[in-house]
Amino acid sequence: MTGYEVCTAVVMAGALPAGLLLSAADRSVDRLVGLELVSAASVVALLLLSQVTGESYDLIVPLVLVVLSVAGTLVFTRLVVGRDEGGGHVP
Amino acid sequence: MSHEVALALVSLGTAVTVASCLGAVAMRSSVYDRMHFITPITSLGCPLVAVGLSVEQGLGLTTASILLVGALLFMAGPVLEAAVGRAIGQVEGRVDPSSPE
């Protein structure tokens, strides 16, 4: 097992589950922070995966993910405002 | 020699990324404290991994792609931090939800 494979496994086993756990929190603002964590950790994991597989065209995936995660997070910051703690609309 | 340098940079970036994610989950005092754990990933963890992989690959288009991904996340991190912080402030009533319209 190479060093890059170990790093990939550590990120996928340590960082991603932690971000996913936070993404399932009760409060909507915690879920928003979890979304950002998962996005950033996924980019790191995909960069490492492209090194492990040795295929340079795999790099298009983290590149697209960065662009989409920025737009997606900004959209969610707009949606989360005006909602109560349970996730429903404030009357 | 370059392989060892690259692996050291990637390992450091990996450690920063994992520690930040675990710290964010462990931090239960405030969502503002929790929010600060995103910055080390975008400003330190991902750029370290990108630079390490670039050192491993050498000059070329693959390195350019890797550095582009790292640079995009590095620049997007503070923007997203500010947007998320503002959204949290609006949810908690500290910032006027209708501003700046």
# chains A, B, ... in the order shown; residues from 1 in each chain; ligands from 1
$ residues_around --residues "segment 65-78 of chain B" --least-positions-apart "5" --cutoff "7 Å" --atoms "only C-alpha atoms" --output "list of chain:residue names"
A:Leu59, A:Pro62, A:Leu63, A:Val66, A:Val70, B:Thr39, B:Thr42, B:Ser43, B:Cys46, B:Pro47, B:Ala50, B:Val51, B:Ser54
$ residues_around --residues "Val11 of chain A" --least-positions-apart "2" --cutoff "8 Å" --atoms "only C-alpha atoms" --output "list in words"
Cys7, Thr8, Ala9, Ala13, Gly14, Ala15, Leu16, Ala41, Val44 and Ala45 of chain A; Thr14, Thr17 and Val18 of chain B
$ closest_atom_pairs --of "chain A" --to "segment 30-38 of chain B" --cutoff "9 Å" --atoms "only C-alpha atoms" --output "JSON lines"
{"residue": "A:Val29", "atom": "CA", "partner": "B:Val31", "partner_atom": "CA", "distance": 7.3}
{"residue": "A:Asp30", "atom": "CA", "partner": "B:Val31", "partner_atom": "CA", "distance": 6.4}
{"residue": "A:Val33", "atom": "CA", "partner": "B:Met35", "partner_atom": "CA", "distance": 6.1}
{"residue": "A:Gly34", "atom": "CA", "partner": "B:Met35", "partner_atom": "CA", "distance": 9.0}
{"residue": "A:Glu36", "atom": "CA", "partner": "B:Ile38", "partner_atom": "CA", "distance": 7.2}
{"residue": "A:Leu37", "atom": "CA", "partner": "B:Ile38", "partner_atom": "CA", "distance": 6.0}
{"residue": "A:Ala40", "atom": "CA", "partner": "B:Ile38", "partner_atom": "CA", "distance": 7.9}
$ select_by_dssp --residues "segment 22-86 of chain B" --states "alpha helix (DSSP H)" --output "NGL selection string"
:B and (22-26 or 31-35 or 39-40 or 46-57 or 61-86)
$ write_last_selection --atoms "N, CA and C atoms" --output "compact mmCIF listing (two decimals), in the first residue's frame"
# COMPACT_ATOMS: atom_id res chain seq x y z
N LEU B 22 -12.79 16.46 12.18
CA LEU B 22 -13.08 15.89 13.50
C LEU B 22 -13.28 16.99 14.53
N GLY B 23 -12.51 18.07 14.42
CA GLY B 23 -12.67 19.20 15.34
C GLY B 23 -14.01 19.87 15.20
N ALA B 24 -14.50 19.97 13.96
CA ALA B 24 -15.80 20.60 13.75
C ALA B 24 -16.92 19.78 14.39
N VAL B 25 -16.79 18.46 14.32
CA VAL B 25 -17.81 17.61 14.95
C VAL B 25 -17.71 17.68 16.47
N ALA B 26 -16.47 17.73 16.98
CA ALA B 26 -16.27 17.74 18.43
C ALA B 26 -16.66 19.08 19.05
N VAL B 31 -22.09 27.37 16.81
CA VAL B 31 -21.94 27.12 15.38
C VAL B 31 -20.87 28.05 14.79
N TYR B 32 -20.66 29.19 15.42
CA TYR B 32 -19.61 30.10 14.95
C TYR B 32 -18.23 29.48 15.16
N ASP B 33 -18.03 28.86 16.31
CA ASP B 33 -16.77 28.15 16.55
C ASP B 33 -16.59 27.00 15.56
N ARG B 34 -17.68 26.30 15.32
CA ARG B 34 -17.65 25.16 14.41
C ARG B 34 -17.31 25.61 12.98
N MET B 35 -17.82 26.77 12.62
CA MET B 35 -17.62 27.29 11.27
C MET B 35 -16.15 27.54 10.96
N THR B 39 -12.02 26.70 7.49
CA THR B 39 -10.93 27.48 6.90
C THR B 39 -9.61 26.72 6.77
N PRO B 40 -9.17 25.93 7.77
CA PRO B 40 -7.91 25.21 7.58
C PRO B 40 -7.92 24.27 6.39
N CYS B 46 -6.12 21.60 1.53
CA CYS B 46 -6.20 21.34 0.09
C CYS B 46 -5.01 21.91 -0.68
N PRO B 47 -4.57 23.16 -0.40
CA PRO B 47 -3.37 23.65 -1.11
C PRO B 47 -2.13 22.81 -0.85
N LEU B 48 -1.96 22.30 0.38
CA LEU B 48 -0.81 21.44 0.66
C LEU B 48 -0.87 20.16 -0.16
N VAL B 49 -2.07 19.56 -0.23
CA VAL B 49 -2.23 18.34 -1.03
C VAL B 49 -1.96 18.65 -2.50
N ALA B 50 -2.49 19.79 -2.98
CA ALA B 50 -2.30 20.15 -4.40
C ALA B 50 -0.82 20.38 -4.72
N VAL B 51 -0.13 21.09 -3.84
CA VAL B 51 1.30 21.34 -4.08
C VAL B 51 2.09 20.03 -4.01
N GLY B 52 1.73 19.18 -3.06
CA GLY B 52 2.42 17.89 -2.95
C GLY B 52 2.23 17.03 -4.18
N LEU B 53 1.00 16.96 -4.68
CA LEU B 53 0.75 16.17 -5.89
C LEU B 53 1.45 16.79 -7.10
N SER B 54 1.55 18.13 -7.12
CA SER B 54 2.25 18.80 -8.22
C SER B 54 3.74 18.48 -8.19
N VAL B 55 4.32 18.45 -7.00
CA VAL B 55 5.74 18.07 -6.88
C VAL B 55 5.95 16.65 -7.38
N GLU B 56 5.01 15.77 -7.08
CA GLU B 56 5.11 14.38 -7.53
C GLU B 56 5.00 14.26 -9.06
N GLN B 57 4.09 15.06 -9.64
CA GLN B 57 3.83 14.94 -11.08
C GLN B 57 4.89 15.63 -11.94
N LEU B 61 0.51 19.46 -17.87
CA LEU B 61 -0.90 19.84 -17.82
C LEU B 61 -1.60 19.24 -16.60
N THR B 62 -1.19 18.07 -16.18
CA THR B 62 -1.78 17.46 -14.98
C THR B 62 -1.52 18.34 -13.77
N THR B 63 -0.30 18.84 -13.65
CA THR B 63 0.03 19.74 -12.55
C THR B 63 -0.80 21.01 -12.62
N ALA B 64 -1.00 21.53 -13.83
CA ALA B 64 -1.82 22.73 -13.98
C ALA B 64 -3.24 22.48 -13.50
N SER B 65 -3.80 21.32 -13.82
CA SER B 65 -5.16 20.99 -13.38
C SER B 65 -5.22 20.89 -11.85
N ILE B 66 -4.23 20.23 -11.28
CA ILE B 66 -4.21 20.06 -9.82
C ILE B 66 -4.12 21.42 -9.13
N LEU B 67 -3.22 22.28 -9.63
CA LEU B 67 -3.05 23.60 -9.01
C LEU B 67 -4.29 24.47 -9.21
N LEU B 68 -4.98 24.28 -10.35
CA LEU B 68 -6.21 25.04 -10.59
C LEU B 68 -7.27 24.67 -9.56
N VAL B 69 -7.41 23.38 -9.29
CA VAL B 69 -8.39 22.94 -8.29
C VAL B 69 -8.04 23.53 -6.92
N GLY B 70 -6.76 23.43 -6.54
CA GLY B 70 -6.34 23.98 -5.25
C GLY B 70 -6.55 25.47 -5.16
N ALA B 71 -6.23 26.19 -6.25
CA ALA B 71 -6.38 27.65 -6.23
C ALA B 71 -7.85 28.05 -6.16
N LEU B 72 -8.72 27.32 -6.89
CA LEU B 72 -10.15 27.64 -6.86
C LEU B 72 -10.72 27.47 -5.46
N LEU B 73 -10.36 26.37 -4.81
CA LEU B 73 -10.87 26.15 -3.45
C LEU B 73 -10.27 27.16 -2.48
N PHE B 74 -9.01 27.51 -2.68
CA PHE B 74 -8.35 28.50 -1.82
C PHE B 74 -9.06 29.86 -1.91
N MET B 75 -9.47 30.23 -3.14
CA MET B 75 -10.14 31.53 -3.31
C MET B 75 -11.60 31.49 -2.90
N ALA B 76 -12.23 30.33 -3.08
CA ALA B 76 -13.66 30.22 -2.76
C ALA B 76 -13.90 30.10 -1.25
N GLY B 77 -12.91 29.62 -0.51
CA GLY B 77 -13.09 29.40 0.92
C GLY B 77 -13.54 30.62 1.70
N PRO B 78 -12.81 31.74 1.62
CA PRO B 78 -13.24 32.94 2.37
C PRO B 78 -14.60 33.47 1.95
N VAL B 79 -14.91 33.36 0.64
CA VAL B 79 -16.22 33.82 0.16
C VAL B 79 -17.34 33.01 0.81
N LEU B 80 -17.17 31.69 0.82
CA LEU B 80 -18.18 30.82 1.40
C LEU B 80 -18.27 31.02 2.92
N GLU B 81 -17.12 31.24 3.56
CA GLU B 81 -17.12 31.49 5.00
C GLU B 81 -17.95 32.72 5.32
N ALA B 82 -17.73 33.79 4.57
CA ALA B 82 -18.47 35.03 4.81
C ALA B 82 -19.96 34.83 4.56
N ALA B 83 -20.30 34.10 3.49
CA ALA B 83 -21.71 33.87 3.17
C ALA B 83 -22.39 33.02 4.23
N VAL B 84 -21.70 31.97 4.69
CA VAL B 84 -22.28 31.10 5.72
C VAL B 84 -22.41 31.87 7.04
N GLY B 85 -21.39 32.65 7.39
CA GLY B 85 -21.46 33.44 8.62
C GLY B 85 -22.62 34.43 8.60
N ARG B 86 -22.83 35.04 7.44
CA ARG B 86 -23.93 35.98 7.31
C ARG B 86 -25.27 35.26 7.41
$ closest_atom_pairs --of "segment 15-72 of chain A" --to "segment 77-82 of chain A" --cutoff "10 Å" --atoms "only C-alpha atoms" --output "tab-separated table"
residue	atom	partner	partner_atom	distance
A:Ser28	CA	A:Val80	CA	6.7
A:Val29	CA	A:Val80	CA	7.4
A:Arg31	CA	A:Val80	CA	9.8
A:Leu32	CA	A:Thr77	CA	7.5
A:Gly72	CA	A:Thr77	CA	8.7
$ atom_distance --atom1 "atom CA of Gly13 of chain B" --atom2 "atom CA of Ser23 of chain A"
22.4 Å
$ atom_distance --atom1 "atom CA of Asp58 of chain A" --atom2 "atom CA of Leu22 of chain A"
27.5 Å
$ residues_around --residues "Tyr4 of chain A" --least-positions-apart "6" --cutoff "10 Å" --atoms "only C-alpha atoms" --output "VMD selection string"
(chain A and resid 10 48 to 49 51 to 52) or (chain B and resid 6 to 7 10 to 11 14 53)
$ atom_distance --atom1 "atom CA of Glu4 of chain B" --atom2 "atom CA of Gly3 of chain A"
9.8 Å
